[in-house]
Structure formats: structure tokens, C-alpha cells
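**Q** Dropping in run-v1.cif, with mmCIF, C-alpha atoms.
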data_target
#
loop_
_atom_site.label_atom_id
_atom_site.label_comp_id
_atom_site.auth_asym_id
_atom_site.auth_seq_id
_atom_site.Cartn_x
_atom_site.Cartn_y
_atom_site.Cartn_z
CA MET A 742 14.72 -25.13 8.57
CA THR A 743 13.28 -25.33 5.08
CA ASP A 744 13.89 -22.38 2.84
CA SER A 745 10.28 -22.23 1.66
CA LEU A 746 7.70 -20.24 3.57
CA ARG A 747 4.87 -21.83 1.58
CA THR A 748 1.93 -23.34 3.39
CA GLN A 749 -1.56 -24.25 2.24
CA ARG A 750 -2.72 -20.83 3.46
CA THR A 751 -0.04 -18.84 1.67
CA GLU A 752 -0.07 -20.77 -1.59
CA VAL A 753 -0.74 -18.51 -4.57
CA HIS A 754 -3.76 -19.98 -6.34
CA ARG A 755 -4.41 -17.38 -9.04
CA LEU A 756 -1.65 -17.27 -11.66
CA PRO A 757 0.56 -19.64 -9.63
CA ALA A 758 3.54 -18.80 -11.88
CA ARG A 759 3.70 -15.47 -10.02
CA GLY A 760 4.04 -17.15 -6.63
CA VAL A 761 7.42 -17.07 -4.91
CA TYR A 762 8.18 -18.66 -1.57
CA ASP A 763 11.91 -18.39 -1.06
CA ARG A 764 13.15 -16.53 1.96
CA GLU A 765 15.57 -14.32 0.03
CA THR A 766 12.94 -12.84 -2.31
CA ILE A 767 10.50 -12.34 0.55
CA HIS A 768 13.10 -10.60 2.71
CA ALA A 769 14.22 -8.34 -0.16
CA ILE A 770 10.66 -7.11 -0.77
CA LEU A 771 10.11 -6.54 2.95
CA ASP A 772 13.38 -4.60 3.15
CA GLU A 773 12.44 -2.32 0.24
CA GLY A 774 8.89 -1.46 1.39
CA MET A 775 8.16 1.64 3.46
CA ILE A 776 4.83 0.62 4.96
CA CYS A 777 2.85 -2.54 5.46
CA HIS A 778 -0.91 -3.01 5.58
CA ILE A 779 -1.94 -5.07 8.61
CA GLY A 780 -5.20 -6.98 8.53
CA PHE A 781 -6.84 -8.24 11.69
CA VAL A 782 -10.33 -9.04 12.91
CA PHE A 783 -11.88 -6.79 15.54
CA GLU A 784 -15.36 -7.52 16.89
CA GLY A 785 -16.02 -9.73 13.90
CA SER A 786 -15.04 -7.20 11.21
CA PRO A 787 -11.82 -7.14 9.18
CA PHE A 788 -9.67 -4.01 9.44
CA VAL A 789 -6.66 -3.03 7.32
CA ILE A 790 -4.36 -0.36 8.72
CA PRO A 791 -1.17 1.02 7.13
CA THR A 792 1.87 1.34 9.37
CA GLY A 793 5.65 1.40 9.36
CA TYR A 794 7.65 -1.71 10.22
CA GLY A 795 11.11 -3.20 10.27
CA ARG A 796 12.70 -6.62 9.80
CA ALA A 797 15.19 -8.29 12.09
CA GLY A 798 16.17 -11.65 10.63
CA GLU A 799 13.08 -13.84 10.62
CA GLN A 800 10.98 -11.35 12.59
CA LEU A 801 8.79 -8.54 11.30
CA LEU A 802 8.50 -5.75 13.86
CA ILE A 803 5.81 -3.13 14.25
CA HIS A 804 5.30 -0.47 16.87
CA GLY A 805 2.59 1.95 17.87
CA SER A 806 0.72 3.53 20.71
CA SER A 807 0.02 1.12 23.56
CA ALA A 808 -3.48 2.63 23.60
CA SER A 809 -4.31 1.83 19.98
CA ARG A 810 -7.04 -0.66 19.19
CA MET A 811 -4.83 -2.45 16.69
CA LEU A 812 -1.80 -2.73 18.94
CA ARG A 813 -3.95 -4.01 21.79
CA ALA A 814 -5.65 -6.61 19.59
CA LEU A 815 -2.34 -7.78 18.10
CA SER A 816 -0.58 -7.80 21.48
CA ALA A 817 -3.33 -10.11 22.69
CA GLY A 818 -2.42 -12.57 19.93
CA ALA A 819 -5.03 -11.80 17.26
CA ALA A 820 -4.22 -13.44 13.93
CA ALA A 821 -2.71 -10.95 11.49
CA CYS A 822 -2.07 -10.76 7.78
CA ILE A 823 0.74 -8.33 7.01
CA THR A 824 1.04 -7.29 3.37
CA VAL A 825 3.78 -5.21 1.76
CA THR A 826 3.31 -4.10 -1.85
CA LEU A 827 5.80 -2.40 -4.18
CA ILE A 828 4.31 -0.90 -7.35
CA ASP A 829 6.71 -1.17 -10.30
CA GLY A 830 4.53 -0.08 -13.21
CA LEU A 831 1.36 -0.20 -15.22
CA VAL A 832 1.15 -2.92 -17.86
CA LEU A 833 -0.72 -1.58 -20.86
CA ALA A 834 -1.82 -4.46 -23.05
CA ARG A 835 -3.62 -4.41 -26.40
CA SER A 836 -6.74 -5.87 -24.80
CA ALA A 837 -8.47 -4.35 -21.78
CA PHE A 838 -8.52 -7.86 -20.29
CA HIS A 839 -4.73 -8.23 -20.16
CA HIS A 840 -4.04 -4.90 -18.51
CA SER A 841 -2.11 -5.48 -15.33
CA MET A 842 0.51 -4.06 -13.02
CA ASN A 843 4.11 -4.91 -12.42
CA TYR A 844 4.48 -5.31 -8.69
CA ARG A 845 6.17 -7.23 -5.92
CA SER A 846 4.10 -8.09 -2.87
CA VAL A 847 4.55 -10.18 0.25
CA VAL A 848 1.88 -11.64 2.50
CA VAL A 849 2.91 -12.80 5.98
CA LEU A 850 0.42 -14.70 8.13
CA ALA A 851 1.33 -14.65 11.80
CA LYS A 852 0.36 -14.08 15.35
CA GLY A 853 2.43 -11.47 17.12
CA VAL A 854 4.32 -11.56 20.39
CA PRO A 855 4.70 -8.31 22.34
CA ILE A 856 8.28 -7.36 23.20
CA GLY A 857 8.35 -6.17 26.79
CA GLU A 858 11.98 -6.48 27.86
CA HIS A 859 13.68 -3.08 27.77
CA GLU A 860 16.82 -3.90 25.75
CA ALA A 861 14.95 -5.98 23.17
CA LYS A 862 12.28 -3.32 22.82
CA MET A 863 14.86 -0.55 22.34
CA GLU A 864 16.61 -2.68 19.71
CA ALA A 865 13.27 -3.24 17.92
CA LEU A 866 12.62 0.51 17.87
CA ARG A 867 16.09 0.99 16.43
CA VAL A 868 15.30 -1.51 13.67
CA VAL A 869 11.98 0.16 12.81
CA THR A 870 13.58 3.64 12.73
CA GLU A 871 16.55 2.47 10.67
CA HIS A 872 14.21 0.72 8.23
CA LEU A 873 12.60 4.07 7.37
CA ALA A 874 15.75 6.19 7.46
CA PRO A 875 19.00 4.21 7.55
CA GLY A 876 21.58 6.07 9.62
CA ARG A 877 19.00 8.04 11.60
CA TRP A 878 18.98 6.24 14.95
CA ASP A 879 22.47 7.25 16.07
CA GLY A 880 21.73 10.94 15.65
CA VAL A 881 18.38 11.34 17.39
CA ARG A 882 17.18 11.72 20.95
CA ARG A 883 16.44 8.20 22.23
CA PRO A 884 13.11 7.17 23.80
CA THR A 885 12.59 8.02 27.47
CA PRO A 886 11.19 5.43 29.88
CA GLN A 887 7.83 7.21 29.62
CA GLU A 888 7.87 7.06 25.80
CA MET A 889 8.86 3.38 25.97
CA LYS A 890 5.87 2.74 28.18
CA ALA A 891 3.54 4.54 25.77
CA THR A 892 4.83 2.41 22.87
CA SER A 893 3.96 -1.21 22.13
CA VAL A 894 6.29 -3.27 19.99
CA ILE A 895 5.12 -6.54 18.46
CA SER A 896 7.22 -9.18 16.78
CA PHE A 897 5.74 -11.44 14.07
CA PRO A 898 7.58 -14.55 12.87
CA ILE A 899 8.14 -14.52 9.08
CA ALA A 900 7.46 -18.24 8.85
CA GLU A 901 4.27 -18.57 6.81
CA ALA A 902 4.55 -16.26 3.84
CA SER A 903 4.45 -15.86 0.10
CA ALA A 904 5.48 -13.30 -2.45
CA LYS A 905 3.79 -12.47 -5.73
CA VAL A 906 5.84 -10.89 -8.47
CA ARG A 907 4.95 -9.67 -11.96
CA VAL A 908 7.65 -8.27 -14.21
CA GLY A 909 8.03 -7.56 -17.89
CA PRO A 910 5.98 -6.51 -20.89
CA PRO A 911 2.27 -7.14 -21.52
CA LYS A 912 1.19 -10.64 -22.46
CA ASP A 913 -1.56 -10.43 -25.03
CA ASP A 914 -3.54 -13.13 -26.80
CA ALA A 915 -1.70 -14.27 -29.95
CA GLU A 916 -4.19 -12.73 -32.41
CA ASP A 917 -4.13 -9.34 -30.64
CA TYR A 918 -0.48 -8.72 -31.58
CA ALA A 919 -1.76 -7.89 -35.08
CA LEU A 920 -3.76 -4.92 -33.72
CA PRO A 921 -2.31 -1.43 -34.26
CA ILE A 922 -2.51 -0.61 -30.54
CA TRP A 923 0.41 0.82 -28.56
CA ALA A 924 1.33 -1.57 -25.76
CA GLY A 925 4.02 -1.33 -23.15
CA VAL A 926 4.86 -0.57 -19.56
CA LEU A 927 4.61 2.71 -17.67
CA PRO A 928 7.28 2.32 -14.95
CA MET A 929 6.43 3.57 -11.48
CA SER A 930 8.30 3.80 -8.22
CA LEU A 931 8.14 5.48 -4.86
CA THR A 932 10.60 8.34 -5.30
CA THR A 933 12.27 10.56 -2.73
CA ALA A 934 12.71 14.28 -3.34
CA ALA A 935 15.16 16.72 -1.75
CA PRO A 936 14.78 16.97 2.05
CA ILE A 937 12.87 19.96 3.47
CA ALA A 938 14.58 21.30 6.58
CA ASP A 939 12.38 22.24 9.54
CA ASP A 940 12.16 26.02 10.03
CA LYS A 941 13.04 25.48 13.65
CA ASN A 942 16.38 23.77 13.08
CA LEU A 943 19.16 25.47 15.02
CA PRO A 944 21.61 27.59 13.00
CA GLY A 945 24.56 25.56 11.75
CA VAL A 946 22.74 22.23 11.94
CA ASP A 947 23.37 20.76 8.49
CA LEU A 948 21.68 17.97 6.60
CA PRO A 949 23.22 14.70 7.83
CA ASP A 950 25.39 12.78 5.39
CA TYR A 951 23.02 9.81 5.26
CA LEU A 952 20.35 12.07 3.72
CA ARG A 953 22.68 13.60 1.13
CA ARG A 954 22.30 12.20 -2.38
CA ASP A 955 21.06 13.15 -5.80
CA TYR A 956 17.33 13.54 -5.67
CA PRO A 957 15.46 13.48 -8.99
CA GLY A 958 13.89 16.80 -9.86
CA LYS A 959 16.17 18.64 -7.46
CA MET B 38 -27.67 12.21 2.71
CA THR B 39 -25.20 13.43 5.31
CA ASP B 40 -21.82 14.51 4.07
CA SER B 41 -19.96 12.62 6.78
CA LEU B 42 -19.02 8.97 6.33
CA ARG B 43 -18.13 8.66 10.01
CA THR B 44 -19.56 5.80 12.04
CA GLN B 45 -18.52 4.28 15.33
CA ARG B 46 -16.51 1.70 13.38
CA THR B 47 -14.68 4.21 11.20
CA GLU B 48 -13.98 6.80 13.90
CA VAL B 49 -10.28 7.56 14.22
CA HIS B 50 -9.37 6.90 17.85
CA ARG B 51 -5.61 7.41 17.81
CA LEU B 52 -4.61 11.04 17.16
CA PRO B 53 -8.23 12.02 16.35
CA ALA B 54 -7.03 15.37 14.93
CA ARG B 55 -5.84 13.38 11.90
CA GLY B 56 -9.30 11.94 11.23
CA VAL B 57 -11.27 13.27 8.27
CA TYR B 58 -14.74 12.15 7.30
CA ASP B 59 -15.90 14.44 4.54
CA ARG B 60 -16.82 12.90 1.24
CA GLU B 61 -14.67 15.25 -0.83
CA THR B 62 -11.38 14.41 0.94
CA ILE B 63 -12.15 10.71 0.90
CA HIS B 64 -12.99 10.72 -2.81
CA ALA B 65 -9.85 12.71 -3.68
CA ILE B 66 -7.60 10.20 -1.91
CA LEU B 67 -9.38 7.27 -3.58
CA ASP B 68 -9.00 8.97 -6.97
CA GLU B 69 -5.26 9.49 -6.52
CA GLY B 70 -4.40 5.96 -5.34
CA MET B 71 -3.26 3.25 -7.74
CA ILE B 72 -4.03 0.19 -5.65
CA CYS B 73 -6.08 -0.68 -2.62
CA HIS B 74 -5.47 -3.33 0.01
CA ILE B 75 -8.59 -5.42 0.62
CA GLY B 76 -9.03 -7.18 3.94
CA PHE B 77 -11.49 -10.02 4.37
CA VAL B 78 -11.87 -13.07 6.55
CA PHE B 79 -11.48 -16.51 4.95
CA GLU B 80 -11.92 -19.66 7.00
CA GLY B 81 -11.43 -17.62 10.15
CA SER B 82 -8.17 -15.92 9.12
CA PRO B 83 -7.72 -12.33 7.95
CA PHE B 84 -6.22 -11.82 4.49
CA VAL B 85 -4.99 -8.59 2.92
CA ILE B 86 -4.58 -8.55 -0.86
CA PRO B 87 -3.45 -5.64 -3.06
CA THR B 88 -5.49 -4.95 -6.18
CA GLY B 89 -6.50 -2.23 -8.63
CA TYR B 90 -9.83 -0.46 -8.32
CA GLY B 91 -11.91 2.42 -9.58
CA ARG B 92 -14.50 4.83 -8.22
CA ALA B 93 -17.86 5.65 -9.77
CA GLY B 94 -19.62 8.21 -7.60
CA GLU B 95 -20.34 6.60 -4.26
CA GLN B 96 -19.21 3.15 -5.38
CA LEU B 97 -15.76 1.61 -5.18
CA LEU B 98 -15.29 -1.02 -7.90
CA ILE B 99 -12.90 -3.94 -8.03
CA HIS B 100 -12.51 -6.72 -10.55
CA GLY B 101 -10.66 -9.97 -10.79
CA SER B 102 -10.79 -13.56 -11.87
CA SER B 103 -14.15 -15.20 -11.16
CA ALA B 104 -12.13 -18.19 -9.93
CA SER B 105 -10.18 -16.25 -7.28
CA ARG B 106 -10.70 -17.04 -3.64
CA MET B 107 -11.02 -13.35 -2.78
CA LEU B 108 -13.50 -12.51 -5.53
CA ARG B 109 -15.64 -15.51 -4.62
CA ALA B 110 -15.67 -14.62 -0.92
CA LEU B 111 -16.45 -10.95 -1.62
CA SER B 112 -19.12 -11.83 -4.22
CA ALA B 113 -20.79 -13.93 -1.55
CA GLY B 114 -21.05 -10.83 0.65
CA ALA B 115 -18.09 -11.24 3.01
CA ALA B 116 -17.39 -8.08 5.01
CA ALA B 117 -14.46 -6.15 3.55
CA CYS B 118 -12.15 -3.39 4.67
CA ILE B 119 -10.66 -1.55 1.69
CA THR B 120 -7.68 0.67 2.47
CA VAL B 121 -5.90 3.08 0.12
CA THR B 122 -2.68 4.71 1.32
CA LEU B 123 -0.67 7.50 -0.29
CA ILE B 124 2.83 8.02 1.10
CA ASP B 125 3.85 11.70 1.05
CA GLY B 126 7.06 11.66 3.04
CA LEU B 127 9.14 10.68 6.02
CA VAL B 128 8.90 12.94 9.04
CA LEU B 129 12.31 13.10 10.71
CA ALA B 130 11.92 14.50 14.21
CA ARG B 131 14.56 15.33 16.79
CA SER B 132 13.37 12.46 18.99
CA ALA B 133 13.01 8.88 17.79
CA PHE B 134 9.56 8.88 19.39
CA HIS B 135 8.15 11.63 17.16
CA HIS B 136 9.33 10.16 13.87
CA SER B 137 6.35 9.71 11.61
CA MET B 138 5.20 9.75 8.04
CA ASN B 139 3.21 12.21 6.02
CA TYR B 140 0.44 10.23 4.38
CA ARG B 141 -3.17 10.24 3.31
CA SER B 142 -5.15 7.06 3.80
CA VAL B 143 -8.77 6.00 3.46
CA VAL B 144 -10.50 3.05 5.06
CA VAL B 145 -13.84 1.91 3.60
CA LEU B 146 -15.89 -0.70 5.44
CA ALA B 147 -18.44 -2.38 3.19
CA LYS B 148 -20.01 -5.51 1.87
CA GLY B 149 -19.81 -5.86 -1.89
CA VAL B 150 -22.47 -6.54 -4.48
CA PRO B 151 -21.47 -8.42 -7.65
CA ILE B 152 -22.31 -6.64 -10.90
CA GLY B 153 -23.77 -9.20 -13.30
CA GLU B 154 -25.66 -7.16 -15.86
CA HIS B 155 -23.62 -6.81 -19.07
CA GLU B 156 -23.80 -3.04 -19.63
CA ALA B 157 -23.15 -2.18 -15.99
CA LYS B 158 -20.27 -4.65 -15.82
CA MET B 159 -18.69 -3.26 -18.99
CA GLU B 160 -19.02 0.28 -17.60
CA ALA B 161 -17.37 -0.83 -14.33
CA LEU B 162 -14.45 -2.34 -16.26
CA ARG B 163 -14.13 0.95 -18.14
CA VAL B 164 -13.98 2.82 -14.82
CA VAL B 165 -11.31 0.50 -13.38
CA THR B 166 -9.19 0.73 -16.57
CA GLU B 167 -9.53 4.50 -16.80
CA HIS B 168 -8.61 4.85 -13.12
CA LEU B 169 -5.21 3.30 -13.85
CA ALA B 170 -4.60 4.92 -17.23
CA PRO B 171 -6.97 7.76 -18.08
CA GLY B 172 -7.67 7.78 -21.82
CA ARG B 173 -6.79 4.13 -22.31
CA TRP B 174 -10.21 2.49 -22.64
CA ASP B 175 -11.15 4.01 -25.99
CA GLY B 176 -8.01 2.71 -27.68
CA VAL B 177 -7.91 -0.93 -26.59
CA ARG B 178 -9.57 -4.15 -27.62
CA ARG B 179 -12.71 -4.49 -25.49
CA PRO B 180 -13.54 -7.60 -23.43
CA THR B 181 -15.11 -10.54 -25.25
CA PRO B 182 -18.14 -12.34 -23.80
CA GLN B 183 -15.77 -15.11 -22.68
CA GLU B 184 -13.46 -12.62 -20.91
CA MET B 185 -16.48 -10.98 -19.29
CA LYS B 186 -17.53 -14.36 -17.96
CA ALA B 187 -14.07 -15.02 -16.55
CA THR B 188 -14.12 -11.66 -14.74
CA SER B 189 -16.02 -10.80 -11.57
CA VAL B 190 -16.79 -7.19 -10.79
CA ILE B 191 -17.85 -6.15 -7.31
CA SER B 192 -19.26 -2.82 -6.21
CA PHE B 193 -18.77 -1.53 -2.65
CA PRO B 194 -20.76 1.42 -1.31
CA ILE B 195 -18.49 4.20 -0.01
CA ALA B 196 -20.85 4.90 2.87
CA GLU B 197 -18.91 3.98 6.02
CA ALA B 198 -15.43 5.42 5.70
CA SER B 199 -12.74 7.62 7.17
CA ALA B 200 -9.55 9.25 6.03
CA LYS B 201 -6.41 9.88 8.03
CA VAL B 202 -4.10 12.65 6.94
CA ARG B 203 -0.77 13.87 8.28
CA VAL B 204 0.96 16.84 6.67
CA GLY B 205 3.69 19.25 7.62
CA PRO B 206 6.92 19.36 9.60
CA PRO B 207 7.89 17.26 12.63
CA LYS B 208 6.25 18.05 15.95
CA ASP B 209 8.81 17.63 18.70
CA ASP B 210 8.52 18.07 22.44
CA ALA B 211 9.21 21.70 23.39
CA GLU B 212 12.56 21.02 25.09
CA ASP B 213 13.86 19.00 22.12
CA TYR B 214 13.90 22.06 19.84
CA ALA B 215 17.07 23.11 21.69
CA LEU B 216 18.88 19.98 20.46
CA PRO B 217 21.38 20.38 17.58
CA ILE B 218 19.64 17.65 15.53
CA TRP B 219 18.61 18.10 11.90
CA ALA B 220 14.85 17.68 11.59
CA GLY B 221 12.63 17.92 8.56
CA VAL B 222 10.67 16.03 5.96
CA LEU B 223 11.91 13.74 3.20
CA PRO B 224 9.16 14.06 0.56
CA MET B 225 8.09 10.89 -1.24
CA SER B 226 5.66 10.13 -4.02
CA LEU B 227 4.80 7.43 -6.48
CA THR B 228 6.46 8.67 -9.65
CA THR B 229 5.97 7.64 -13.25
CA ALA B 230 8.93 7.29 -15.62
CA ALA B 231 9.01 7.37 -19.42
CA PRO B 232 6.90 4.60 -21.02
CA ILE B 233 8.67 1.49 -22.32
CA ALA B 234 7.20 0.37 -25.65
CA ASP B 235 6.59 -3.35 -26.14
CA ASP B 236 9.08 -4.88 -28.61
CA LYS B 237 6.15 -6.39 -30.45
CA ASN B 238 4.37 -3.13 -31.24
CA LEU B 239 3.60 -2.84 -34.95
CA PRO B 240 5.73 -0.38 -36.95
CA GLY B 241 4.24 3.12 -36.98
CA VAL B 242 2.22 2.62 -33.82
CA ASP B 243 3.18 5.65 -31.74
CA LEU B 244 2.84 6.42 -28.08
CA PRO B 245 -0.74 7.67 -27.54
CA ASP B 246 -1.18 11.34 -26.63
CA TYR B 247 -2.59 10.53 -23.18
CA LEU B 248 0.76 8.93 -22.24
CA ARG B 249 2.87 11.83 -23.53
CA ARG B 250 4.17 14.16 -20.86
CA ASP B 251 7.36 15.16 -19.12
CA TYR B 252 8.58 12.28 -17.05
CA PRO B 253 11.18 13.05 -14.38
CA GLY B 254 14.53 11.49 -15.11
CA LYS B 255 13.67 11.08 -18.78
#
Mind turning the file's structure into C-alpha cells?
**A**
Amino acid sequence: MTDSLRTQRTEVHRLPARGVYDRETIHAILDEGMICHIGFVFEGSPFVIPTGYGRAGEQLLIHGSSASRMLRALSAGAAACITVTLIDGLVLARSAFHHSMNYRSVVVLAKGVPIGEHEAKMEALRVVTEHLAPGRWDGVRRPTPQEMKATSVISFPIAEASAKVRVGPPKDDAEDYALPIWAGVLPMSLTTAAPIADDKNLPGVDLPDYLRRDYPGK
Amino acid sequence: MTDSLRTQRTEVHRLPARGVYDRETIHAILDEGMICHIGFVFEGSPFVIPTGYGRAGEQLLIHGSSASRMLRALSAGAAACITVTLIDGLVLARSAFHHSMNYRSVVVLAKGVPIGEHEAKMEALRVVTEHLAPGRWDGVRRPTPQEMKATSVISFPIAEASAKVRVGPPKDDAEDYALPIWAGVLPMSLTTAAPIADDKNLPGVDLPDYLRRDYPGK
């Protein structure tokens, strides 16, 4: 198994210096993202739908209602493009032209395979739940057979993929560095605030340990 | 002009109560987002690429290198699906099945029209720059004719669109409210931190007023 997930279709053509194909970088971006955007073709038109996901080794897992148009199309083997994007900041250059963003994104091209077998499907649901909220699965009420039936789970091989990464300060044209214009980076990140307990929680049910930490702005 | 951007193709089928079609909600979500994910079909395969954008009235504007595969395909009139997603929080229910996210997303289906005329193109670049960093355009070095030539700008009508919105606490099955499981929402948002000045800024060039504010964690 090669350690590059580069193919002709996933090669980064624009600004190829930003292209990354190693498995480790790609997995790290996938593990940090909260949602992916899945592209597929339905009746000739492209659609892009945001959804949660999880990663188990070399497989990207999504789940959803068995009745959904997207899940049905993807279960039937429609080609998908799954993109995960992390925004790290705005890059404010001296010229309008060199304005940019710092970001890390991954594009996975794949056809999915539905997971039907009970144990494997339950494990996939565990992975997707734990991806969003690590530590959560062990404390919640597990899916019933009826809920399992209402849920489709699809596995996509992470075999044909690329990442694009931009980091660091603005890169201006040489002569523009003489301009008295403030340049720099405005850092951005998806931030979590203090948990809001449901009004209907039973008395004495405390915030679980895995959700306790220092939240900014708390 | 109707105030609904609903069509058969943009109708929300899954959980239709979350579907929103009014212009005002759709515009507000587009105005808050930093990036969109554009889906298009290239040589038979779907691709989903993250990029910046701006909105001018009923038009969604994107720009990029004239040499890029995506910009060339979209300039030639390829059908696009442009999706903007704002993550507002994790919804932690008592059952694994009812875990969800609070989010606001917009899907716009459109074919783009390239903007070639100089004034209109410059105005579109202003809109895209101001979308990312309001106040920035007036203080930076404007695009040269050569840079304008290297940049494609495409305008998409916001005419066929839908939003999906989930807000509020978890919704569990009635019997699950008796379970001693902590449920609630973990709020999330894309947060900006204090600006990082470029090492190569000229002495005496201060942070512009439009970037001054209280940044969390400063």
C-alpha cells in the first residue's frame, strides 16, 4: 500500500505547493472536522449536502435516514466527493489580489458501500457519535432495532484523496512591501462554549466528565 | 417576484419542518458564512471545492484563478450547487439516535455567468473582499489590469434555493426523558482571535480601526 492518496483526479492543479497527499495529514484533517460536505449527482444535477461523519482507519463513515434522497443515491453506489474544510484564518495582504485564507481541506473521491450487518453498523454508529462527542457513546441509550432499520450507514474508502493546506503570513508582491498598509492574519477557529443543560434533565444528573473543560468566554 | 426561492429541486424532503425558503433567512445565512462549498460535475464526477464568496443583492459572487479547472467549468455554464453551512452546536440527546447538530445551511442551485466588464468585475471583487473583511477594500492596493485578467469572477443568481435550520435543545422520545442521562447543547461558532501583524509591516503602520475589537481569549 502506497502512502500517497494522489491520483490524476485528486491532484491539486492550482497552487500545487499547497497540495498534500500523505495519509497522516489527510487523516488528521478528517479527525478534526465536525462536518463534511458531500457532493453527488442526482437526476443530472450536482448537490452538496452538509452532514456529520466519522473515520475508522481507511474508511469514512456517514449515516442518515434510510429514506433520504442522498442516502439512497449513495447506497446505490453513486460517485461522491466528500470535502472537509477547516478555516484557520483570514490572510490580509497589502494587495486585494493576494488576500487569502489559511485553511486545511481534504477532498475524498469514492463510491460508498452500505453497511448492513448489525454489529458492523452499530460499530459505525459508535464511530460517528464518538467523532462528534468523544466519550458520549458509552453513556447514551443505544439504537433500537427499529432505529437501526430507519438509519443507513455508508462506508467510503479513503483511497483517492488530497489535502490542501495554507498556513502563515500574507505573501505580497515584492514592491508592495513598501506600501504603508497593515498586513497580517486574523486567526479563526470553530470554538466550543460552555454546555447548555436541557431543562428536562433529571435532578442530580450532572455534566459528564468528558464535557468538562475550560470554555473560552465562560 | 415571489419571496420564496423554493422549487421542486430545492424542497427539503427530510424533516421538512427544518426547511426555510424566504429570501431574508437565506440572505442572512449567506452574509454570515465565510466560505461556500461549490459542487459541480467534471468529466462525469462530482467535485466539491471550498472557496470564498460574496453577495450582491440577488447574486452570489465567486472569484478565482482564470486557469482553475473549477472556474473554467463554471464560466462555461456548468450547473453548480453552492452550499454554505454555519455550525451552531452539538445536540446531545439521551438516545444515540436523536443526536444532532444545531446549524443553518443554504443550498443555491444555479448556473453562473462570468463577469467580464471591467467596472462590474472590479465591483464584484470589492464585494468578495468586503464579505471576508468589511472595511478592507478601501485600504488595500487595488487589482492591476494584469491581475484582473488572471482572475475570473462568476455571478450566480440566488433564485432557486433553500435553507435548513435546526435550533434548540435535544428532542428525545417521550420515554427517554425518564433516563438519568445528561442531555443538552454544546454551542459552537467560528470565532476570531486577535490579529497577528505581519513581521514585514512598515514601522508606524497600525492595526486598522475595522480590525480593532475585543477578541475572546486575547
**Q** Return the neighbours of chain A among the residues of chain B, cut-off 6 Å, counting only C-alpha atoms, as a short mmCIF file (atom, residue, chain, number, x, y, z; two decimals) with C-alpha atoms, keeping the file's coordinate frame.
**A**
data_model
loop_
_atom_site.label_atom_id
_atom_site.label_comp_id
_atom_site.auth_asym_id
_atom_site.auth_seq_id
_atom_site.Cartn_x
_atom_site.Cartn_y
_atom_site.Cartn_z
CA GLY B 76 -9.03 -7.18 3.94
CA PHE B 77 -11.49 -10.02 4.37
CA PRO B 83 -7.72 -12.33 7.95
CA PHE B 84 -6.22 -11.82 4.49
CA VAL B 85 -4.99 -8.59 2.92
CA CYS B 118 -12.15 -3.39 4.67
CA ARG B 131 14.56 15.33 16.79
CA SER B 132 13.37 12.46 18.99
CA ALA B 133 13.01 8.88 17.79
CA PHE B 134 9.56 8.88 19.39
CA VAL B 177 -7.91 -0.93 -26.59
CA ARG B 178 -9.57 -4.15 -27.62
CA ARG B 179 -12.71 -4.49 -25.49
CA PRO B 180 -13.54 -7.60 -23.43
CA TRP B 219 18.61 18.10 11.90
CA ALA B 220 14.85 17.68 11.59
CA GLY B 221 12.63 17.92 8.56
CA VAL B 222 10.67 16.03 5.96
CA LEU B 223 11.91 13.74 3.20
CA PRO B 224 9.16 14.06 0.56
CA MET B 225 8.09 10.89 -1.24
CA SER B 226 5.66 10.13 -4.02
CA LEU B 227 4.80 7.43 -6.48
CA THR B 228 6.46 8.67 -9.65
CA THR B 229 5.97 7.64 -13.25
CA ALA B 230 8.93 7.29 -15.62
CA PRO B 232 6.90 4.60 -21.02
CA ILE B 233 8.67 1.49 -22.32
CA ALA B 234 7.20 0.37 -25.65
CA ASP B 235 6.59 -3.35 -26.14
CA VAL B 242 2.22 2.62 -33.82
#
**Q** Output as JSON the centre and edge lengths (Å, one decimal) of the box along x, y and z of the file that holds every listed atom of stretch 158-172 of chain B after adding 4 Å on each side.
**A**
{"center_x": -12.4, "center_y": 1.6, "center_z": -17.5, "size_x": 23.7, "size_y": 20.4, "size_z": 16.7}
**Q** Would you mind reading off the distance between atom CA of B:Leu42 and atom CA of A:Leu815, one decimal, in Å?
**A**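 Separating atom CA of B:Leu42 from atom CA of A:Leu815 is a distance of 26.4 Å.
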**Q** Please provide the set of residues having any atom within 10 Å of A:Gly853, restricted to all atoms listed in the file, with same-chain residues fewer than 3 positions apart removed, written as a ChimeraX atom specification.
**A** /A:800-803,812,814-821,850,856,894-898
**Q** Using atom CA of B:Ile66 and atom CA of B:Ile195 as the two end points, give the distance in Å to one decimal.
**A** 12.6 Å
**Q** What gap, in Å, lies between atom CA of A:Glu901 and atom CA of A:Ile767?
**A**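 We find that atom CA of A:Glu901 and atom CA of A:Ile767 lie 10.8 Å from each other.
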**Q** Compile the contact shell of stretch 795-798 of chain A as a list of chain:residue names: residues with an atom at most 6 Å away, counting only C-alpha atoms, same-chain residues fewer than 6 positions apart removed.
**A**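 My reading of the contact set: A:Val868, A:Val869, A:His872.
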